[in-house]
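Data from final_28.cif: mmCIF, C-alpha atoms
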```cif
data_upload
loop_
_atom_site.label_atom_id
_atom_site.label_comp_id
_atom_site.auth_asym_id
_atom_site.auth_seq_id
_atom_site.Cartn_x
_atom_site.Cartn_y
_atom_site.Cartn_z
CA MET A 1 85.94 100.46 123.09
CA SER A 2 89.67 100.73 122.84
CA HIS A 3 91.66 98.11 121.02
CA GLU A 4 93.77 97.82 124.18
CA ASP A 5 90.84 95.88 125.65
CA LEU A 6 90.68 93.15 123.01
CA PRO A 7 90.98 89.58 124.29
CA ILE A 8 94.61 88.50 124.14
CA GLU A 9 93.98 85.67 121.63
CA ILE A 10 92.34 88.13 119.25
CA ALA A 11 95.09 90.71 119.70
CA ALA A 12 97.74 88.03 119.13
CA LEU A 13 95.99 86.82 115.97
CA LEU A 14 95.97 90.39 114.62
CA SER A 15 99.66 90.88 115.50
CA ALA A 16 100.58 87.67 113.70
CA HIS A 17 98.52 88.77 110.69
CA ALA A 18 100.38 92.09 110.60
CA LEU A 19 103.64 90.13 110.49
CA GLY A 20 102.27 87.94 107.68
CA ALA A 21 102.69 84.91 109.92
CA LEU A 22 99.27 83.25 109.64
CA GLU A 23 98.22 80.20 107.69
CA PRO A 24 95.59 81.01 105.01
CA ASP A 25 92.58 79.91 107.10
CA GLU A 26 93.78 81.95 110.10
CA ALA A 27 94.43 84.95 107.86
CA GLU A 28 90.84 84.75 106.60
CA GLU A 29 89.60 84.79 110.17
CA ALA A 30 91.77 87.82 110.94
CA GLU A 31 90.42 89.64 107.86
CA ARG A 32 86.85 88.92 108.99
CA LEU A 33 87.60 90.40 112.42
CA ILE A 34 89.23 93.48 110.90
CA ALA A 35 86.29 94.07 108.55
CA GLY A 36 83.76 93.63 111.35
CA SER A 37 85.23 95.60 114.23
CA GLU A 38 86.72 99.05 114.54
CA ALA A 39 88.79 97.98 117.56
CA CYS A 40 90.23 95.06 115.60
CA ARG A 41 90.98 97.29 112.63
CA GLU A 42 92.83 99.76 114.86
CA ALA A 43 94.79 97.02 116.59
CA PHE A 44 95.76 95.55 113.23
CA GLU A 45 96.86 98.90 111.79
CA ASP A 46 98.93 99.64 114.88
CA ALA A 47 100.59 96.25 114.63
CA LEU A 48 101.18 96.77 110.90
CA GLU A 49 102.88 100.11 111.50
CA THR A 50 105.07 98.58 114.20
CA ALA A 51 106.00 95.61 112.01
CA ALA A 52 106.87 97.97 109.17
CA ALA A 53 109.28 99.86 111.45
CA LEU A 54 111.54 96.82 111.12
CA ALA A 55 111.66 97.42 107.37
CA VAL A 56 111.57 101.21 107.42
CA ALA A 57 114.67 101.25 109.61
CA MET A 58 116.65 98.93 107.35
CA ALA A 59 119.76 100.15 105.55
CA ASP A 60 119.06 100.74 101.85
CA SER A 61 120.55 98.37 99.27
CA GLU A 62 121.44 99.65 95.83
CA PRO A 63 118.91 98.09 93.44
CA PRO A 64 120.05 97.12 89.93
CA PRO A 65 120.16 100.32 87.82
CA ASP A 66 117.59 99.10 85.27
CA LEU A 67 114.92 98.14 87.82
CA ARG A 68 113.41 101.62 87.94
CA ALA A 69 113.00 101.72 84.16
CA ARG A 70 111.44 98.23 84.14
CA ILE A 71 108.87 99.32 86.72
CA MET A 72 108.04 102.45 84.76
CA VAL A 73 107.52 100.40 81.59
CA ALA A 74 105.35 97.89 83.45
CA VAL A 75 103.16 100.55 85.02
CA ARG A 76 102.60 102.23 81.66
CA GLU A 77 101.55 98.88 80.24
CA LEU A 78 98.97 98.63 83.01
CA ARG A 79 97.39 101.89 81.93
CA PRO A 80 97.73 102.17 78.14
CA GLU A 81 94.69 104.42 77.93
CA ASP A 82 96.56 107.07 79.93
CA GLU A 83 99.41 107.35 77.46
CA SER A 84 97.69 110.12 75.55
CA ARG A 85 97.60 112.47 78.55
CA MET B 1 113.19 109.49 109.37
CA SER B 2 112.41 109.07 105.74
CA SER B 3 108.81 110.23 105.42
CA SER B 4 108.16 113.81 104.44
CA ASP B 5 105.09 115.92 103.87
CA SER B 6 105.21 115.22 100.17
CA ASP B 7 104.96 111.41 100.43
CA PRO B 8 101.15 111.26 100.79
CA ALA B 9 100.90 113.74 97.90
CA LEU B 10 102.93 111.34 95.73
CA VAL B 11 100.47 108.54 96.49
CA ALA B 12 97.57 110.85 95.67
CA ARG B 13 99.21 111.61 92.31
CA CYS B 14 99.45 107.86 91.64
CA THR B 15 95.70 107.62 92.23
CA ALA B 16 95.27 110.29 89.57
CA GLY B 17 97.29 108.22 87.10
CA ASP B 18 100.54 110.20 87.34
CA VAL B 19 103.24 107.64 86.46
CA ASP B 20 106.06 110.03 87.42
CA ALA B 21 104.81 110.04 91.00
CA LEU B 22 105.45 106.29 91.18
CA GLY B 23 108.97 106.98 89.92
CA ASP B 24 109.43 109.53 92.71
CA LEU B 25 108.22 106.97 95.26
CA TYR B 26 110.71 104.51 93.83
CA ASP B 27 113.53 107.06 94.11
CA GLN B 28 112.64 107.56 97.75
CA PHE B 29 111.91 104.00 98.86
CA GLY B 30 113.31 101.71 96.16
CA GLY B 31 116.57 101.12 98.03
CA ARG B 32 114.79 100.11 101.21
CA ALA B 33 112.29 98.01 99.27
CA TYR B 34 115.13 96.17 97.57
CA ALA B 35 116.98 95.68 100.87
CA LEU B 36 113.86 94.19 102.48
CA ALA B 37 113.07 91.97 99.50
CA ARG B 38 116.65 90.71 99.38
CA ARG B 39 116.71 90.12 103.11
CA ILE B 40 113.59 87.97 102.91
CA THR B 41 114.17 86.13 99.65
CA GLY B 42 117.97 85.86 100.00
CA ASP B 43 118.23 86.15 96.25
CA ASP B 44 118.90 89.14 93.97
CA ALA B 45 116.73 88.05 91.05
CA SER B 46 113.76 87.20 93.30
CA ALA B 47 114.20 90.52 95.10
CA GLU B 48 113.97 92.43 91.82
CA ALA B 49 110.79 90.63 90.83
CA VAL B 50 109.34 91.26 94.29
CA VAL B 51 110.10 95.00 94.19
CA GLU B 52 108.61 95.35 90.71
CA ALA B 53 105.43 93.51 91.71
CA ALA B 54 105.16 95.51 94.94
CA PHE B 55 105.41 98.89 93.20
CA LEU B 56 102.72 97.80 90.76
CA ASP B 57 100.59 96.71 93.75
CA ALA B 58 101.08 100.15 95.28
CA TRP B 59 100.07 101.77 91.99
CA ARG B 60 96.88 99.71 91.79
CA GLU B 61 96.08 100.14 95.49
CA ALA B 62 97.03 103.82 95.78
CA PHE B 63 93.38 104.73 96.31
CA SER B 64 93.36 102.69 99.53
CA PHE B 65 96.14 104.71 101.15
CA ASP B 66 94.95 106.72 104.14
CA PRO B 67 97.57 109.14 105.52
CA ALA B 68 95.73 109.25 108.84
CA ARG B 69 96.30 105.54 109.31
CA ALA B 70 99.78 104.81 108.04
CA ARG B 71 103.02 106.35 106.90
CA VAL B 72 103.78 106.00 103.18
CA SER B 73 107.00 104.11 103.99
CA ALA B 74 105.14 101.54 106.10
CA TRP B 75 102.32 101.23 103.57
CA LEU B 76 104.65 100.74 100.62
CA LEU B 77 107.02 98.34 102.38
CA GLY B 78 103.95 96.33 103.40
CA PHE B 79 103.43 95.42 99.72
CA VAL B 80 107.10 94.48 99.46
CA HIS B 81 106.86 92.32 102.57
CA ARG B 82 103.77 90.48 101.33
CA ARG B 83 105.27 89.82 97.89
CA ALA B 84 108.59 88.69 99.38
CA VAL B 85 106.95 86.34 101.86
CA ASP B 86 104.81 84.88 99.07
CA ALA B 87 107.95 84.33 96.99
CA VAL B 88 109.90 82.68 99.78
CA ARG B 89 106.98 80.41 100.72
CA GLY B 90 106.56 79.36 97.11
CA GLU B 91 110.27 78.59 96.92
CA ARG B 92 110.13 76.65 100.18
CA ARG B 93 107.23 74.56 98.92
CA ARG B 94 109.27 73.69 95.82
CA THR B 95 112.43 72.79 97.74
CA ALA B 96 110.87 71.65 101.04
CA GLY B 97 113.62 73.64 102.73
CA VAL B 98 112.94 74.73 106.30
CA ALA B 99 116.39 75.72 107.59
CA ALA B 100 116.41 79.28 108.91
CA ARG B 101 119.18 81.63 107.87
CA SER B 102 121.28 83.62 110.30
CA GLY B 103 119.46 86.19 112.37
CA ALA B 104 119.87 89.83 111.39
CA LEU B 105 117.90 90.96 114.43
CA GLU B 106 120.35 89.19 116.72
CA THR B 107 123.25 91.22 115.40
CA GLY B 108 121.45 94.52 114.77
CA GLU B 109 122.51 94.19 111.14
CA ALA B 110 118.91 94.74 110.06
CA ALA B 111 118.78 98.33 111.25
CA ALA B 112 120.27 101.25 109.38
CA ALA B 113 122.28 104.07 110.82
CA GLY B 114 120.33 107.22 111.49
CA ALA B 115 117.77 108.15 114.11
CA GLU B 116 115.07 105.68 113.15
CA GLY B 117 117.48 102.79 112.66
CA GLU B 118 119.00 103.60 116.03
CA ALA B 119 115.59 103.67 117.70
CA VAL B 120 114.65 100.30 116.22
CA ARG B 121 118.01 98.81 117.15
CA ALA B 122 117.65 100.04 120.74
CA ALA B 123 114.10 98.69 120.95
CA LEU B 124 115.15 95.28 119.59
CA ALA B 125 117.92 95.13 122.17
CA GLN B 126 115.29 95.35 124.90
CA LEU B 127 113.38 92.31 123.66
CA GLU B 128 113.95 88.88 125.17
CA PRO B 129 116.20 86.75 122.91
CA GLU B 130 113.26 84.41 122.35
CA GLU B 131 111.11 87.35 121.22
CA ARG B 132 113.77 88.53 118.76
CA ARG B 133 114.09 85.00 117.43
CA VAL B 134 110.39 84.51 116.62
CA LEU B 135 110.08 88.04 115.23
CA GLU B 136 113.02 87.33 112.94
CA LEU B 137 111.58 84.01 111.77
CA ALA B 138 108.18 85.56 111.11
CA TYR B 139 109.01 88.92 109.57
CA PHE B 140 112.35 88.39 107.86
CA GLU B 141 112.25 84.66 107.13
CA GLY B 142 108.59 84.47 106.17
CA TYR B 143 107.63 81.57 108.41
CA THR B 144 104.12 81.23 109.75
CA GLN B 145 103.49 80.81 113.48
CA ALA B 146 102.68 77.16 112.88
CA GLU B 147 105.97 76.65 111.03
CA ILE B 148 107.92 78.45 113.75
CA ALA B 149 106.32 76.21 116.38
CA GLU B 150 107.46 73.20 114.36
CA LEU B 151 110.97 74.59 113.82
CA LEU B 152 111.46 75.39 117.50
CA GLY B 153 109.55 72.39 118.84
CA GLU B 154 107.24 74.63 120.85
CA PRO B 155 103.46 74.76 121.21
CA ALA B 156 101.83 77.03 118.63
CA ALA B 157 100.04 78.98 121.36
CA SER B 158 103.33 79.83 123.02
CA VAL B 159 104.85 81.03 119.74
CA ALA B 160 101.74 83.17 119.13
CA SER B 161 102.05 84.70 122.56
CA THR B 162 105.80 85.38 122.22
CA LEU B 163 105.29 86.97 118.81
CA HIS B 164 102.51 89.18 120.14
CA SER B 165 104.47 90.32 123.18
CA ALA B 166 107.50 91.06 120.98
CA LEU B 167 105.42 93.28 118.72
CA MET B 168 103.64 95.02 121.60
CA THR B 169 106.96 95.76 123.32
CA LEU B 170 108.32 97.21 120.08
CA ARG B 171 105.17 99.26 119.61
CA HIS B 172 105.48 100.64 123.12
CA LEU B 173 109.16 101.49 122.72
CA LEU B 174 108.85 102.96 119.22
CA GLY B 175 105.59 104.76 119.90
CA SER B 176 107.46 107.27 122.01
CA VAL B 177 109.81 108.21 119.18
CA ARG B 178 107.42 108.27 116.28
CA LYS B 179 105.24 111.24 117.16
#
```

structure tokens encoding of this file:
Amino acid sequence: MSHEDLPIEIAALLSAHALGALEPDEAEEAERLIAGSEACREAFEDALETAAALAVAMADSEPPPDLRARIMVAVRELRPEDESR
Amino acid sequence: MSSSDSDPALVARCTAGDVDALGDLYDQFGGRAYALARRITGDDASAEAVVEAAFLDAWREAFSFDPARARVSAWLLGFVHRRAVDAVRGERRRTAGVAARSGALETGEAAAAGAEGEAVRAALAQLEPEERRVLELAYFEGYTQAEIAELLGEPAASVASTLHSALMTLRHLLGSVRK
């Protein structure tokens, strides 16, 4: 079945979840639906991609110059065992 | 359009433990990540912390990326969005502040120049003002549907329905330009 055919309340719940707009108990329900149904998963991923277009299309802001280095240090600290590569 | 053929390969290299690949992802998307984080948190220091946490999330979750299901830009900015919303909700709980800031979607300020920014701007212009308003409050201000209903004095079900129709209209309008 296509995710176009989902009941409107379910589709709306998944849209709101993609926007991060659910309360914790509602978000849990949405996650259960996504895990249990292919149609729900597809609807959620579609909504997520659409929501992200709002961010993807944003104008860049110049981050502080040292942020990149801080992230690189932090990620190396996550994986100290890889330092010998 | 920012995604290129090499983006999914960068994520795959992260999965393999290649730290430089995360640096390349940062070079490509760090500016947008920071813009989004700053837009949501309204604060430079919080935005930095959000971007750092989000890139570490992406590093840890790189294995879960499926190029058939999402663009790298959308996937990565999803981590930024979640971290930023968490930060702003935590801040709101501390200060009990519920006043919404000015609406970037109303003015088109949120969208960049360039083809994709233009497409998003044009699509937003076709939404009902009420749809733009709830989308703004949810995505860029980090309010839940229940909080938006309270802010606007509307039934939660009506906010849920407006939010859904806003997103579906955007999906319809943007779907034609994406592929």

Given a cut-off of 9 Å, which residues of chain A touch chain B, counting only C-alpha atoms, written out as a PDB file with C-alpha atoms, in the frame of the given file?
```
ATOM      1  CA  ILE A   8      94.610  88.500 124.140  1.00  0.00           C
ATOM      2  CA  GLU A   9      93.980  85.670 121.630  1.00  0.00           C
ATOM      3  CA  ALA A  11      95.090  90.710 119.700  1.00  0.00           C
ATOM      4  CA  ALA A  12      97.740  88.030 119.130  1.00  0.00           C
ATOM      5  CA  LEU A  13      95.990  86.820 115.970  1.00  0.00           C
ATOM      6  CA  LEU A  14      95.970  90.390 114.620  1.00  0.00           C
ATOM      7  CA  SER A  15      99.660  90.880 115.500  1.00  0.00           C
ATOM      8  CA  ALA A  16     100.580  87.670 113.700  1.00  0.00           C
ATOM      9  CA  LEU A  19     103.640  90.130 110.490  1.00  0.00           C
ATOM     10  CA  GLY A  20     102.270  87.940 107.680  1.00  0.00           C
ATOM     11  CA  ALA A  21     102.690  84.910 109.920  1.00  0.00           C
ATOM     12  CA  LEU A  22      99.270  83.250 109.640  1.00  0.00           C
ATOM     13  CA  GLU A  23      98.220  80.200 107.690  1.00  0.00           C
ATOM     14  CA  GLU A  42      92.830  99.760 114.860  1.00  0.00           C
ATOM     15  CA  GLU A  45      96.860  98.900 111.790  1.00  0.00           C
ATOM     16  CA  ASP A  46      98.930  99.640 114.880  1.00  0.00           C
ATOM     17  CA  ALA A  47     100.590  96.250 114.630  1.00  0.00           C
ATOM     18  CA  LEU A  48     101.180  96.770 110.900  1.00  0.00           C
ATOM     19  CA  GLU A  49     102.880 100.110 111.500  1.00  0.00           C
ATOM     20  CA  THR A  50     105.070  98.580 114.200  1.00  0.00           C
ATOM     21  CA  ALA A  51     106.000  95.610 112.010  1.00  0.00           C
ATOM     22  CA  ALA A  52     106.870  97.970 109.170  1.00  0.00           C
ATOM     23  CA  ALA A  53     109.280  99.860 111.450  1.00  0.00           C
ATOM     24  CA  LEU A  54     111.540  96.820 111.120  1.00  0.00           C
ATOM     25  CA  ALA A  55     111.660  97.420 107.370  1.00  0.00           C
ATOM     26  CA  VAL A  56     111.570 101.210 107.420  1.00  0.00           C
ATOM     27  CA  ALA A  57     114.670 101.250 109.610  1.00  0.00           C
ATOM     28  CA  MET A  58     116.650  98.930 107.350  1.00  0.00           C
ATOM     29  CA  ALA A  59     119.760 100.150 105.550  1.00  0.00           C
ATOM     30  CA  ASP A  60     119.060 100.740 101.850  1.00  0.00           C
ATOM     31  CA  SER A  61     120.550  98.370  99.270  1.00  0.00           C
ATOM     32  CA  GLU A  62     121.440  99.650  95.830  1.00  0.00           C
ATOM     33  CA  PRO A  63     118.910  98.090  93.440  1.00  0.00           C
ATOM     34  CA  PRO A  64     120.050  97.120  89.930  1.00  0.00           C
ATOM     35  CA  LEU A  67     114.920  98.140  87.820  1.00  0.00           C
ATOM     36  CA  ARG A  68     113.410 101.620  87.940  1.00  0.00           C
ATOM     37  CA  ALA A  69     113.000 101.720  84.160  1.00  0.00           C
ATOM     38  CA  ARG A  70     111.440  98.230  84.140  1.00  0.00           C
ATOM     39  CA  ILE A  71     108.870  99.320  86.720  1.00  0.00           C
ATOM     40  CA  MET A  72     108.040 102.450  84.760  1.00  0.00           C
ATOM     41  CA  ALA A  74     105.350  97.890  83.450  1.00  0.00           C
ATOM     42  CA  VAL A  75     103.160 100.550  85.020  1.00  0.00           C
ATOM     43  CA  ARG A  76     102.600 102.230  81.660  1.00  0.00           C
ATOM     44  CA  LEU A  78      98.970  98.630  83.010  1.00  0.00           C
ATOM     45  CA  ARG A  79      97.390 101.890  81.930  1.00  0.00           C
ATOM     46  CA  ASP A  82      96.560 107.070  79.930  1.00  0.00           C
TER      47      ASP A  82
END
```

**Q.** Distance query stretch 28-41 of chain A at most 7 Å, only C-alpha atoms, self and fewer than 3 positions along chain excluded, as a ChimeraX atom specification
**A.** /A:1-3,13-14,17,24-25,44-45

Output C-alpha atoms of each residue in that selection to a file, as a compact mmCIF listing (two decimals), keeping the file's coordinate frame.
```
# COMPACT_ATOMS: atom_id res chain seq x y z
CA MET A 1 85.94 100.46 123.09
CA SER A 2 89.67 100.73 122.84
CA HIS A 3 91.66 98.11 121.02
CA LEU A 13 95.99 86.82 115.97
CA LEU A 14 95.97 90.39 114.62
CA HIS A 17 98.52 88.77 110.69
CA PRO A 24 95.59 81.01 105.01
CA ASP A 25 92.58 79.91 107.10
CA PHE A 44 95.76 95.55 113.23
CA GLU A 45 96.86 98.90 111.79
```

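Taking atom CA of A:Glu77 as the reference point, atom CA of B:Asp66 is found at 26.0 Å.
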
Q. Between atom CA of B:Glu154 and atom CA of A:Ala43, what is the spacing in Å?
A.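 Value for the atom CA of A:Ala43-atom CA of B:Glu154 distance: 26.0 Å.
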
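The space between atom CA of B:Ala21 and atom CA of B:Pro8 spans 10.5 Å.
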
Q) For B:Ser64, which residue among B:Ile40, B:Thr15, B:Glu91, B:Ala84 is the nearest when counting only C-alpha atoms? A) B:Thr15

Q | Distance query B:Val11 at most 9 Å, only C-alpha atoms, self and fewer than 5 positions along chain excluded, as a list in words | A |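 Final neighbour list, sorted by chain and number: Ser6, Ala16, Ala21, Leu22, Leu25, Ala58, Trp59, Ala62, Phe63, Phe65 and Val72 of chain B.
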